[in-house]
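Engineer: Could you have a look at this structure, given as structure tokens, before my questions?
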Number of protein chains: 4
Amino acid sequence: MQTLKSKRAASPQSEPQSSLGTRLFATRQLSSDLATPLGPEDMVVQATDDASPTKWHLAHVTWFFETFVLSKFAPGYRVFDERFGFCFNSYYESQGARHPRQKRGLLTRPTVEEVLAYRAHVDGALADLFAGGDGIEPEAARLIEIGINHEQQHQELLLTDILALFAANPLRPAYRQPGPRAVGRAAPRRGPLWLDFPGGVHHVGHDGRGFAWDNEGPRHEALIHPFRLADRLVTNGEWLEFIADGGYRNALLWLADGWATVTREGWDAPCYWENIDGAWLSMTLEGRLAPDPSAPVAHVSYFEADAFARWAGKRLPTEFEWEVAAADLSVAGNDLSTGALRPLPADGDGAADCPRQMFGDVWEWTQSAYLPYPGYRAPEGAIGEYNGKFMVSQQVLRGGSCATPPGHIRPTYRNFFYPHQRWQFTGLRLAADVSP
Amino acid sequence: MQTLKSKRAASPQSEPQSSLGTRLFATRQLSSDLATPLGPEDMVVQATDDASPTKWHLAHVTWFFETFVLSKFAPGYRVFDERFGFCFNSYYESQGARHPRQKRGLLTRPTVEEVLAYRAHVDGALADLFAGGDGIEPEAARLIEIGINHEQQHQELLLTDILALFAANPLRPAYRQPGPRAVGRAAPRRGPLWLDFPGGVHHVGHDGRGFAWDNEGPRHEALIHPFRLADRLVTNGEWLEFIADGGYRNALLWLADGWATVTREGWDAPCYWENIDGAWLSMTLEGRLAPDPSAPVAHVSYFEADAFARWAGKRLPTEFEWEVAAADLSVAGNDLSTGALRPLPADGDGAADCPRQMFGDVWEWTQSAYLPYPGYRAPEGAIGEYNGKFMVSQQVLRGGSCATPPGHIRPTYRNFFYPHQRWQFTGLRLAADVSP
Amino acid sequence: MQTLKSKRAASPQSEPQSSLGTRLFATRQLSSDLATPLGPEDMVVQATDDASPTKWHLAHVTWFFETFVLSKFAPGYRVFDERFGFCFNSYYESQGARHPRQKRGLLTRPTVEEVLAYRAHVDGALADLFAGGDGIEPEAARLIEIGINHEQQHQELLLTDILALFAANPLRPAYRQPGPRAVGRAAPRRGPLWLDFPGGVHHVGHDGRGFAWDNEGPRHEALIHPFRLADRLVTNGEWLEFIADGGYRNALLWLADGWATVTREGWDAPCYWENIDGAWLSMTLEGRLAPDPSAPVAHVSYFEADAFARWAGKRLPTEFEWEVAAADLSVAGNDLSTGALRPLPADGDGAADCPRQMFGDVWEWTQSAYLPYPGYRAPEGAIGEYNGKFMVSQQVLRGGSCATPPGHIRPTYRNFFYPHQRWQFTGLRLAADVSP
Amino acid sequence: MQTLKSKRAASPQSEPQSSLGTRLFATRQLSSDLATPLGPEDMVVQATDDASPTKWHLAHVTWFFETFVLSKFAPGYRVFDERFGFCFNSYYESQGARHPRQKRGLLTRPTVEEVLAYRAHVDGALADLFAGGDGIEPEAARLIEIGINHEQQHQELLLTDILALFAANPLRPAYRQPGPRAVGRAAPRRGPLWLDFPGGVHHVGHDGRGFAWDNEGPRHEALIHPFRLADRLVTNGEWLEFIADGGYRNALLWLADGWATVTREGWDAPCYWENIDGAWLSMTLEGRLAPDPSAPVAHVSYFEADAFARWAGKRLPTEFEWEVAAADLSVAGNDLSTGALRPLPADGDGAADCPRQMFGDVWEWTQSAYLPYPGYRAPEGAIGEYNGKFMVSQQVLRGGSCATPPGHIRPTYRNFFYPHQRWQFTGLRLAADVSP
């Protein structure tokens with residue numbers, strides 16, 4: 001498993017342009033690679049209102065480079081097709097009218113082939129930009145860096161949206177055939193180890209060295225109360241106990257909105273779990289498989305994570321507790337680079353007194369609402385619409401997942417979803433108060 | 001324009017098996033041909049809950065032959081894929097559980113290629129059946145005939161569903177590039193000619209010679225009151241007058257359910273019409289074009305047809321009035337065989353004192369509700385679910401459309417849709433009472 | 001049980017004005033009487049979108065007289081409150097904007113007291129009109145007659161809407177305390193007697209002598225095929241057999257729209273039936289009671305009636321079959337005048353070879369869609385909106401119910417509801433074809 | 001205007017029982033008094049899913065005393081009606097099944113009269129409890145105190161729910177006739193004064209002396225960054241500028257969820273505002289009146305408050321900023337005790353360098369999500385369902401309103417609503433960062 005922390009040292013400002021270009025084209029290539037196992041039919045359909053088609057992801061990230069980089073910084077750039085702006089703008093109100101989000105799956109045209117031509121056209125122009133003798137302007141470099149990170153986010157979504165699509169197909173097709181599984185792995189000890197952290201005023205948020213999203217700053221002081229954190233994620237095995245104990249049937253464990261969702265939707269297990277003749281199976285990118293009891297549970301909503309924590313007599317960590325615990329760790333784990341495409345059991349026995357599985361595997365729900373940090377102001381311009389306008393009614397998740405591209409995650413990274421959503425690789429780690 | 005009436009003379013019982021086989025394989029071939037202009041992306045997506053993907057149509061009609069013919073009459077037939085029954089059953093409750101209708105567009109697998117292989121497999125087995133020395137059993141022949149007619153219905157749906165899909169695409173792609181249009185065709189005289197028909201007891205319904213759907217019989221006597229029928233369909237030009245006169249804004253012209261639909265949906269023109277800078281354009285299988293004032297209006301609901309008739313001081317015909325007027329006509333017109341793919345202006349000047357445009361062009365809304373004929377009983381078995389269970393809340397349409405395959409239509413043919421639906425090629429012909 | 005047929009002989013044209021006035025004020029009084037058992041709270045709430053509050057009924061029928069009679073024919077009439085038109089117009093588009101139907105229950109003001117004052121004001125003005133020396137103008141008399149019949153329709157709705165309200169109350173309050181029930185009444189013979197009727201051309205529709213709604217005419221000839229009619233209504237006992245035989249679980253018995261409704265709504269019995277510890281109870285105007293096996297089943301939808309008939313190997317009659325069978329009968333039965341407020345077992349043993357329970361007890365679903373008769377034209381003016389604009393997607397019911405005011409029903413009377421509706425006293429009588 | 005702070009000194013533990021009883025019966029009386037202007041019709045109807053009928057409020061708070069106090073602490077207490085638990089339980093899952101929230105308006109029975117009898121029965125039993133020689137047990141006293149505060153919350157809801165009901169009535173009835181308005185009051189200076197507050201670690205949350213809800217604690221340390229707070233609430237006059245400047249039409253001012261709500265609901269002004277012939281009128285408890293430009297704006301959602309703040313180049317305060325600013329103030333203001341029933345312009349000229357309108361007038365939206373405080377645990381038992389289970393997706397509001405009963409509010413009080421809700425008296429005060 002690759003340690004990615006070294007990558008963080010380099011910032012787009014300081015790195016040579018060749019490095020920026022290398023990362024750009026590697027990122028562009030990865031998107032295409034991720035689509036390789038898919039047929040054109042797979043790439044056009046929208047599984048749910050939350051998900052987007054593969055083709056749309058591939059085109060949208062390309063539109064981003066065309067609109068915010070090439071049209072502004074590449075002299076003489078010819079827009080590939082003027083109509084694509086309407087088709088592939090996601091939500092930038094400042095960029096004009098756009099195709100409705102929930103109807104992205106109707107866009108059978110442009111075809112996959114045309115979208116790939118669009119990608120090639122834009123990649124060519126980006127290559128020209130880098131090949132120019134004058135170097136990349138700093139503002140262009142800044143936007144390219146954003147474009148890289150933006151495309152990485154859509155790489156993760158591409159995978160989770162394909163999983164949603166294949167899970168809705170009665171044939172339950174696999175994105176990839178399952179490889180050999182580790183055999184003989186022991187189920188985890190009953191219960192995690194607990195790591196204590198002292199309270200006090202900590203600095204949280206991104207310090208501005210290297211790339212970060214606007215919502216990770218400004219870096220500021222926060223008062224943390226002493227807390228305790230599990231050294232590993234909650235497992236499928238533990239979740240099966242929760243189910244067996246009637247966790248999905250006991251209203252008193254749930255937030256009111258959560259209970260309403262459970263009863264309305266008939267939830268009785270994580271998303272993609274099916275009970276076949278008394279045994280639970282879970283739909284994965286490798287098809288339908290029995291959940292590994294020692295692997296982290298995934299595809300649970302905030303409502304479920306919160307109810308599980310209450311059932312366990314614990315709670316979820318706040319986002320700052322998580323960040324404090326993660327601050328000094330190497331940013332390494334089971335991310336997309338491992339190729340596992342699923343959360344894996346924690347390595348080792350946890351005796352090292354250091355939290356495991358902090359990066360990769362599953363995004364970890366925190367009890368923190370997604371809100372602006374003190375002093376936060378959304379940037380001016382279209383890019384300013386990126387994060388700030390979602391700061392209500394959602395919860396923060398930390399740490400990345402098995403579908404997060406390497407180099408994309410940081411200790412200060414804030415992901416956010418609505419409390420009912422569960423089609424992402426979302427899981428949880430328990431926390432607890434420390435009595436003074 | 002081909003006269004198709006001669007085809008009606010032959011019935012599956014009387015025709016040589018070679019003829020049945022010829023029609024079967026020609027029908028199978030036509031379905032594939034209709035899909036030729038489409039890419040795999042176009043063939044997988046479901047435009048609306050009413051529509052189905054092209055791939056689904058291609059597979060469903062194949063499943064019909066596999067399930068009702070080959071599995072019963074082809075010794076040793078091997079089902080292509082046991083899982084396809086779940087995927088491609090439409091609504092036959094007796095055939096077990098099935099994929100939900102409104103989620104057909106999620107079936108990216110089986111792929112188009114696999115569906116074509118499925119078609120080839122079934123076609124091969126059907127060919128073997130015909131090649132057998134023993135001939136086709138009468139019951140098998142009967143079911144093959146049903147299968148042919150069933151596939152023809154889905155050919156029409158394939159085209160209307162693709163139109164719905166392309167109309168929802170901001171690029172407004174064309175199924176086919178528009179050919180040269182007749183130039184210099186005069187707009188029709190203002191108003192149709194009116195043809196009078198006497199009242200009396202008439203025989204209506206199918207007489208059992210040749211193929212017909214169960215809902216066309218039993219043939220029976222019906223009392224018709226004297227009536228008057230327009231010799232041609234209502235035109236786009238007349239519809240533009242209706243719009244200009246505020247037809248969509250005058251509640252008193254509308255049925256109560258119709259007015260509720262108009263206000264809820266914001267209807268102000270037929271389906272697929274858009275007002276671009278003051279001019280109406282209509283989405284067609286040849287892309288977005290200005291409506292031809294002399295061509296029949298299409299894509300109007302029963303609510304609109306009824307309101308137009310009231311505005312015009314007329315009414316819609318009953319299905320039996322229409323059938324009496326059509327009974328002695330040659331079953332010929334602008335159906336799929338002309339290749340026009342759109343309704344055409346009426347030929348000639350109408351002086352022949354004979355209704356024109358009765359077959360093809362557009363399905364004609366009648367004021368008759370879709371109900372069983374006296375003595376009707378749904379057939380036993382799965383095929384019995386075909387027509388009878390829809391006999392409530394729908395209106396009868398007559399005459400076929402420009403998307404109806406040749407040989408499929410008859411004077412006794414009863415099509416039926418809900419009064420709000422308008423994605424089919426649906427139009428109208430006016431009728432009036434004759435004062436005694 | 002009172003025989004009401006004699007009343008039909010008199011028409012508003014021919015009867016002395018004193019008689020018209022007598023009927024008018026008796027009708028006005030009956031509405032008030034029906035509200036007597038209700039408290040002000042009961043009178044303001046709207047149980048469902050289909051139902052209206054008692055207070056709204058009392059005010060709306062009054063608004064009808066004020067708007068269509070007094071404002072036009074009573075010189076110097078002062079409108080009680082100009083704002084009531086907005087509040088109490090039901091659906092007359094020509095009479096301007098109005099309070100939305102589904103929000104009638106929000107009208108806590110005007111209060112019940114104010115509505116009663118409104119009624120008194122209008123009744124006073126109507127009395128003045130009759131007291132005037134000049135007599136009532138024929139057009140005014142015609143509109144008063146319509147107003148009487150209109151108010152009678154709302155009397156029936158007042159009762160069914162109160163039943164809907166009380167059925168939704170966990171206390172299951174009774175509109176009236178149950179009186180003593182007939183004891184020792186034998187359950188009906190197993191199955192009805194069957195009465196044969198010859199086919200032929202019959203006159204149907206109202207002949208214009210005496211009052212009728214516009215939708216009952218024009219009288220015209222209709223061809224009836226020989227048929228057979230049950231001499232009594234389907235009973236609760238028979239319905240219990242249908243339930244016990246899995247009638248609500250067998251998709252093949254149902255129209256497709258009906259089956260979709262059954263599964264979506266979870267229907268397993270008629271409306272207002274509850275299974276308490278294995279026994280069925282039915283909510284009635286006298287509270288929750290065990291259904292009488294020999295009494296007619298009520299509160300079934302068209303979907304259920306149709307499925308029952310199919311289960312029984314029979315069918316529903318057409319509206320003209322029913323009318324032919326009813327044409328020569330005395331218009332008498334268990335209507336509102338009997339005070340039973342519930343359908344009653346058929347009198348006698350049915351040996352008289354004459355259909356029983358044709359009037360009163362329950363409205364009988366027919367297999368006829370609600371459509372205009374040949375030559376029908378909606379009247380001009382606001383009253384013209386009364387019936388014609390509902391002529392789509394509904395089914396005709398015949399014969400009146402236990403909540404129909406005496407004198408309101410006729411052999412030609414056409415009631416109509418959507419096939420899913422069942423809060424009225426709706427039931428069924430079986431019919432069958434006669435093999436030639 | 002009454003200063004209420006002195007009341008806070010007394011806690012239920014320390015105050016004599018006579019004082020607890022005095023407050024209890026005064027509270028019980030106030031509920032009845034608030035219902036006095038209403039007729040029985042007004043008291044039964046539910047205006048929206050969010051609102052409840054007056055009668056339901058009166059009964060529910062009574063059920064609370066019966067269930068949690070009398071049934072446990074009053075020996076021999078006879079439950080008034082066993083069926084009322086089902087009717088009047090709000091959301092206590094632990095107390096068993098209950099009538100669905102959105103159908104409370106169907107409960108025309110028990111009648112208002114019966115509910116008043118229920119109140120009298122429970123009041124009598126409570127009086128007996130106080131009259132007993134043994135004094136009130138501490139646990140009973142604790143629950144009575146909760147019951148008092150619970151009833152006070154429903155007093156505020158009773159008023160806001162009646163406003164919602166009357167606003168939906170086309171007659172726009174007034175709960176109370178408007179009294180004389182202060183004349184000659186100058187519009188406020190353009191813009192508020194800004195008060196600076198230093199940062200640092202502050203104690204927030206309730207200290208346990210006197211009554212508080214569980215969600216106000218535990219008291220804990222929080223790090224506050226330096227901030228600036230407006231000395232008064234945002235006014236109607238300022239809101240009219242926001243409207244005039246296109247605030248409701250500029251997507252870039254809004255949170256994404258907010259903009260979706262604006263477009264879906266067609267919002268163009270605060271709730272209850274109507275534009276009549278170009279002038280804004282606002283529905284109030286005194287009927288429809290022109291908004292006072294110098295009075296605080298009310299009935300705005302969090303989405304609107306947030307958009308306004310962004311438009312103004314400011315932000316909303318956090319709940320702790322608000323609490324720090326309020327900590328040392330006298331808890332006095334325009335609450336229910338002033339009888340104004342509407343937000344009033346700020347007193348004085350603001351020169352006192354002290355925030356005005358902190359208590360009463362309108363609940364102030366904060367940018368803080370409603371979440372548990374560090375160390376919070378929901379209490380055991382039914383009362384434990386009171387606050388904790390709503391801690392997701394809602395925003396905190398502070399300070400009380402013109403409908404908040406005197407004695408109910410505190411600096412630590414946390415109210416909470418969903419960001420789209422606006423039927424309460426909700427407004428805002430601006431805050432800003434202080435540059436270091």
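FYI, nothing fancy with the structure tokens labels: chains A, B, ... in order, residues from 1 per chain, ligands from 1 as they appear.
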Which residues are near range 360-374 of chain A? Cut-off 7 Å, only C-alpha atoms, ignore same chain within fewer than 6 positions. Put them as number ranges by chain.

Structural biologist: A: 215, 217-218, 298, 302, 316-319, 333-335, 342-344, 391-392, 394-402, 404, 416, 425-429; D: 369

Engineer: Could you name the residues that touch Leu116 in chain B at 10 Å or less, counting only C-alpha atoms, but leaving out those on the same chain fewer than 6 positions away, as a list in words?

Structural biologist: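 In the requested form, the answer reads Ser32, Lys55, Leu58, Ala59, Thr62, Pro110 and Val122 of chain B.
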
Engineer: Set the distance at 8 Å and use only C-alpha atoms: which residues neighbour Asp268 in chain C once local chain neighbours fewer than 6 positions away are removed? I'd like the list as a PyMOL selection string.

Structural biologist: chain C and resi 243+248+262

Engineer: Atoms to include: all heavy atoms. Write the selected residues as a PDB file, in the first residue's frame.

Structural biologist:
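Final output, part-v5.pdb:
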ATOM      1  N   ILE C 243     -63.585 -12.518  -0.259  1.00  0.00           N
ATOM      2  CA  ILE C 243     -62.379 -12.268   0.536  1.00  0.00           C
ATOM      3  C   ILE C 243     -61.723 -13.589   0.921  1.00  0.00           C
ATOM      4  O   ILE C 243     -60.515 -13.782   0.759  1.00  0.00           O
ATOM      5  CB  ILE C 243     -62.722 -11.446   1.797  1.00  0.00           C
ATOM      6  CG1 ILE C 243     -63.209 -10.044   1.418  1.00  0.00           C
ATOM      7  CG2 ILE C 243     -61.521 -11.380   2.739  1.00  0.00           C
ATOM      8  CD1 ILE C 243     -63.685  -9.201   2.588  1.00  0.00           C
ATOM      9  N   TYR C 248     -58.880 -10.594  -3.114  1.00  0.00           N
ATOM     10  CA  TYR C 248     -58.031  -9.402  -3.103  1.00  0.00           C
ATOM     11  C   TYR C 248     -56.558  -9.733  -3.355  1.00  0.00           C
ATOM     12  O   TYR C 248     -55.730  -8.841  -3.344  1.00  0.00           O
ATOM     13  CB  TYR C 248     -58.173  -8.658  -1.771  1.00  0.00           C
ATOM     14  CG  TYR C 248     -59.423  -7.812  -1.656  1.00  0.00           C
ATOM     15  CD1 TYR C 248     -60.585  -8.320  -1.079  1.00  0.00           C
ATOM     16  CD2 TYR C 248     -59.453  -6.497  -2.130  1.00  0.00           C
ATOM     17  CE1 TYR C 248     -61.735  -7.537  -0.963  1.00  0.00           C
ATOM     18  CE2 TYR C 248     -60.582  -5.711  -2.021  1.00  0.00           C
ATOM     19  CZ  TYR C 248     -61.724  -6.234  -1.430  1.00  0.00           C
ATOM     20  OH  TYR C 248     -62.847  -5.446  -1.328  1.00  0.00           O
ATOM     21  N   VAL C 262     -55.107  -1.800  -5.669  1.00  0.00           N
ATOM     22  CA  VAL C 262     -55.142  -2.764  -4.554  1.00  0.00           C
ATOM     23  C   VAL C 262     -53.766  -2.874  -3.906  1.00  0.00           C
ATOM     24  O   VAL C 262     -53.638  -2.826  -2.675  1.00  0.00           O
ATOM     25  CB  VAL C 262     -55.610  -4.147  -5.068  1.00  0.00           C
ATOM     26  CG1 VAL C 262     -55.295  -5.242  -4.044  1.00  0.00           C
ATOM     27  CG2 VAL C 262     -57.104  -4.122  -5.360  1.00  0.00           C
TER      28      VAL C 262
END

Engineer: Once you count only C-alpha atoms, which residues of chain C turn out to be within 7 Å of chain D? Could you give them as a list in words?

Structural biologist: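 Residues satisfying the distance criterion: Pro40, Glu41, Asp42, Val44, Val45, Ala47, Leu106, Leu107, Thr108, Thr111, Leu165, Ala168 and Asn169 of chain C.
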
Engineer: Between B:Ala340, B:Ala251, B:Ala346, B:Ala378, which is the closest to Phe303 in chain B once you count only C-alpha atoms?

Structural biologist: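 Going through B:Ala340, B:Ala251, B:Ala346, B:Ala378 one by one, the smallest distance to Phe303 in chain B is for B:Ala251.
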
Engineer: Can you list, as an MDAnalysis selection string, every residue of range 178-334 of chain C that DSSP puts in alpha helix (DSSP H)?

Structural biologist: chainID C and resid 236:244 256:265 302:311 319:326

Engineer: Can I get the selected residues back with N, CA, C and O atoms, as a compact mmCIF listing (two decimals), in the first residue's frame?

Structural biologist:
# COMPACT_ATOMS: atom_id res chain seq x y z
N ASN C 236 -73.12 -8.69 1.70
CA ASN C 236 -71.92 -8.79 2.53
C ASN C 236 -71.47 -10.24 2.68
O ASN C 236 -70.27 -10.54 2.70
N GLY C 237 -72.44 -11.12 2.80
CA GLY C 237 -72.09 -12.53 2.94
C GLY C 237 -71.33 -13.04 1.73
O GLY C 237 -70.32 -13.76 1.85
N GLU C 238 -71.81 -12.65 0.56
CA GLU C 238 -71.11 -13.07 -0.66
C GLU C 238 -69.73 -12.42 -0.75
O GLU C 238 -68.77 -13.00 -1.22
N TRP C 239 -69.67 -11.19 -0.27
CA TRP C 239 -68.37 -10.51 -0.32
C TRP C 239 -67.35 -11.19 0.62
O TRP C 239 -66.17 -11.28 0.32
N LEU C 240 -67.84 -11.66 1.74
CA LEU C 240 -66.95 -12.37 2.66
C LEU C 240 -66.40 -13.63 2.01
O LEU C 240 -65.24 -14.01 2.24
N GLU C 241 -67.21 -14.27 1.17
CA GLU C 241 -66.71 -15.44 0.44
C GLU C 241 -65.60 -15.03 -0.54
O GLU C 241 -64.61 -15.75 -0.71
N PHE C 242 -65.83 -13.91 -1.20
CA PHE C 242 -64.83 -13.39 -2.14
C PHE C 242 -63.50 -13.14 -1.43
O PHE C 242 -62.42 -13.51 -1.90
N ILE C 243 -63.59 -12.52 -0.26
CA ILE C 243 -62.38 -12.27 0.54
C ILE C 243 -61.72 -13.59 0.92
O ILE C 243 -60.52 -13.78 0.76
N ALA C 244 -62.56 -14.49 1.44
CA ALA C 244 -62.03 -15.76 1.92
C ALA C 244 -61.38 -16.56 0.79
O ALA C 244 -60.43 -17.31 1.01
N ALA C 256 -56.14 -3.97 -14.74
CA ALA C 256 -54.76 -3.60 -14.40
C ALA C 256 -54.72 -2.37 -13.48
O ALA C 256 -53.97 -2.36 -12.50
N ASP C 257 -55.53 -1.37 -13.78
CA ASP C 257 -55.56 -0.19 -12.89
C ASP C 257 -56.07 -0.57 -11.51
O ASP C 257 -55.66 0.02 -10.50
N GLY C 258 -57.00 -1.51 -11.47
CA GLY C 258 -57.54 -1.94 -10.19
C GLY C 258 -56.48 -2.66 -9.36
O GLY C 258 -56.33 -2.40 -8.17
N TRP C 259 -55.75 -3.55 -10.00
CA TRP C 259 -54.72 -4.28 -9.27
C TRP C 259 -53.64 -3.33 -8.75
O TRP C 259 -53.15 -3.48 -7.63
N ALA C 260 -53.29 -2.35 -9.57
CA ALA C 260 -52.31 -1.35 -9.11
C ALA C 260 -52.83 -0.62 -7.88
O ALA C 260 -52.07 -0.33 -6.94
N THR C 261 -54.12 -0.35 -7.86
CA THR C 261 -54.71 0.34 -6.70
C THR C 261 -54.72 -0.57 -5.48
O THR C 261 -54.39 -0.14 -4.36
N VAL C 262 -55.11 -1.80 -5.67
CA VAL C 262 -55.14 -2.76 -4.55
C VAL C 262 -53.77 -2.87 -3.91
O VAL C 262 -53.64 -2.83 -2.68
N THR C 263 -52.74 -2.99 -4.71
CA THR C 263 -51.41 -3.19 -4.14
C THR C 263 -50.88 -1.90 -3.54
O THR C 263 -50.28 -1.90 -2.47
N ARG C 264 -51.14 -0.77 -4.20
CA ARG C 264 -50.63 0.50 -3.67
C ARG C 264 -51.33 0.87 -2.36
O ARG C 264 -50.70 1.33 -1.41
N GLU C 265 -52.65 0.66 -2.31
CA GLU C 265 -53.42 1.08 -1.14
C GLU C 265 -53.54 -0.01 -0.09
O GLU C 265 -54.04 0.26 1.01
N TYR C 302 -65.47 0.57 -8.29
CA TYR C 302 -65.73 -0.13 -9.56
C TYR C 302 -64.72 -1.26 -9.74
O TYR C 302 -65.08 -2.35 -10.20
N PHE C 303 -63.48 -0.99 -9.37
CA PHE C 303 -62.47 -2.04 -9.53
C PHE C 303 -62.87 -3.30 -8.77
O PHE C 303 -62.73 -4.43 -9.27
N GLU C 304 -63.35 -3.10 -7.55
CA GLU C 304 -63.74 -4.26 -6.74
C GLU C 304 -65.00 -4.92 -7.30
O GLU C 304 -65.11 -6.15 -7.33
N ALA C 305 -65.96 -4.10 -7.71
CA ALA C 305 -67.19 -4.65 -8.25
C ALA C 305 -66.89 -5.49 -9.48
O ALA C 305 -67.42 -6.60 -9.66
N ASP C 306 -66.03 -4.96 -10.33
CA ASP C 306 -65.67 -5.67 -11.56
C ASP C 306 -64.93 -6.97 -11.24
O ASP C 306 -65.17 -8.01 -11.87
N ALA C 307 -64.03 -6.93 -10.27
CA ALA C 307 -63.27 -8.14 -9.92
C ALA C 307 -64.20 -9.19 -9.30
O ALA C 307 -64.09 -10.39 -9.59
N PHE C 308 -65.13 -8.73 -8.48
CA PHE C 308 -66.08 -9.67 -7.88
C PHE C 308 -66.89 -10.37 -8.97
O PHE C 308 -67.09 -11.59 -8.94
N ALA C 309 -67.36 -9.57 -9.93
CA ALA C 309 -68.18 -10.14 -11.00
C ALA C 309 -67.39 -11.18 -11.78
O ALA C 309 -67.90 -12.25 -12.12
N ARG C 310 -66.12 -10.89 -12.04
CA ARG C 310 -65.29 -11.85 -12.77
C ARG C 310 -65.10 -13.12 -11.95
O ARG C 310 -65.19 -14.23 -12.46
N TRP C 311 -64.87 -12.92 -10.65
CA TRP C 311 -64.72 -14.06 -9.75
C TRP C 311 -65.98 -14.93 -9.76
O TRP C 311 -65.91 -16.16 -9.73
N GLU C 319 -75.47 0.35 -18.34
CA GLU C 319 -76.47 1.26 -17.76
C GLU C 319 -77.82 1.12 -18.46
O GLU C 319 -78.86 1.34 -17.85
N PHE C 320 -77.80 0.73 -19.75
CA PHE C 320 -79.07 0.62 -20.44
C PHE C 320 -79.80 -0.68 -20.07
O PHE C 320 -81.02 -0.72 -19.99
N GLU C 321 -79.05 -1.74 -19.84
CA GLU C 321 -79.69 -2.95 -19.32
C GLU C 321 -80.39 -2.64 -18.00
O GLU C 321 -81.53 -3.02 -17.78
N TRP C 322 -79.69 -1.92 -17.16
CA TRP C 322 -80.29 -1.58 -15.88
C TRP C 322 -81.54 -0.74 -16.09
O TRP C 322 -82.59 -0.97 -15.47
N GLU C 323 -81.47 0.20 -17.01
CA GLU C 323 -82.58 1.12 -17.21
C GLU C 323 -83.79 0.41 -17.80
O GLU C 323 -84.94 0.67 -17.41
N VAL C 324 -83.52 -0.51 -18.70
CA VAL C 324 -84.62 -1.30 -19.27
C VAL C 324 -85.30 -2.12 -18.17
O VAL C 324 -86.54 -2.19 -18.10
N ALA C 325 -84.47 -2.69 -17.30
CA ALA C 325 -85.05 -3.52 -16.23
C ALA C 325 -85.82 -2.68 -15.23
O ALA C 325 -86.76 -3.14 -14.59
N ALA C 326 -85.42 -1.43 -15.08
CA ALA C 326 -86.03 -0.56 -14.07
C ALA C 326 -87.19 0.24 -14.61
O ALA C 326 -87.96 0.83 -13.84

Engineer: For Gly375 in chain B, please output as a list in words all residues within 9 Å (counting only C-alpha atoms; exclusion window: fewer than 6 positions along the same chain).

Structural biologist: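 Selected residues are Gly217, Pro218 and His220 of chain B; Ala432, Asp433, Val434 and Ser435 of chain C.
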
Engineer: Quote the spacing between CA of Met358 in chain A and CA of Gly205 in chain A in Å to one decimal place.

Structural biologist: 16.9 Å

Engineer: Which residue out of B:Phe359, B:Phe80, B:Tyr386, B:Trp254 has the minimum interatomic distance to Pro406 in chain B when only C-alpha atoms are used?

Structural biologist: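 Of all the options, B:Phe359 lies closest to Pro406 in chain B.
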
Engineer: Find the residues around Arg232 in chain D up to 10 Å (only C-alpha atoms counted), leave out those fewer than 3 positions away in its own chain, and share them as number ranges by chain.

Structural biologist: D: 188, 191-194, 229, 235, 296, 345-347, 350, 354-358, 428-430

Engineer: DSSP says strand (DSSP E or B) for which residues of range 304-409 of chain A? Put them as a ChimeraX atom specification?

Structural biologist: /A:315,332-334,359-360,363-369,395-398
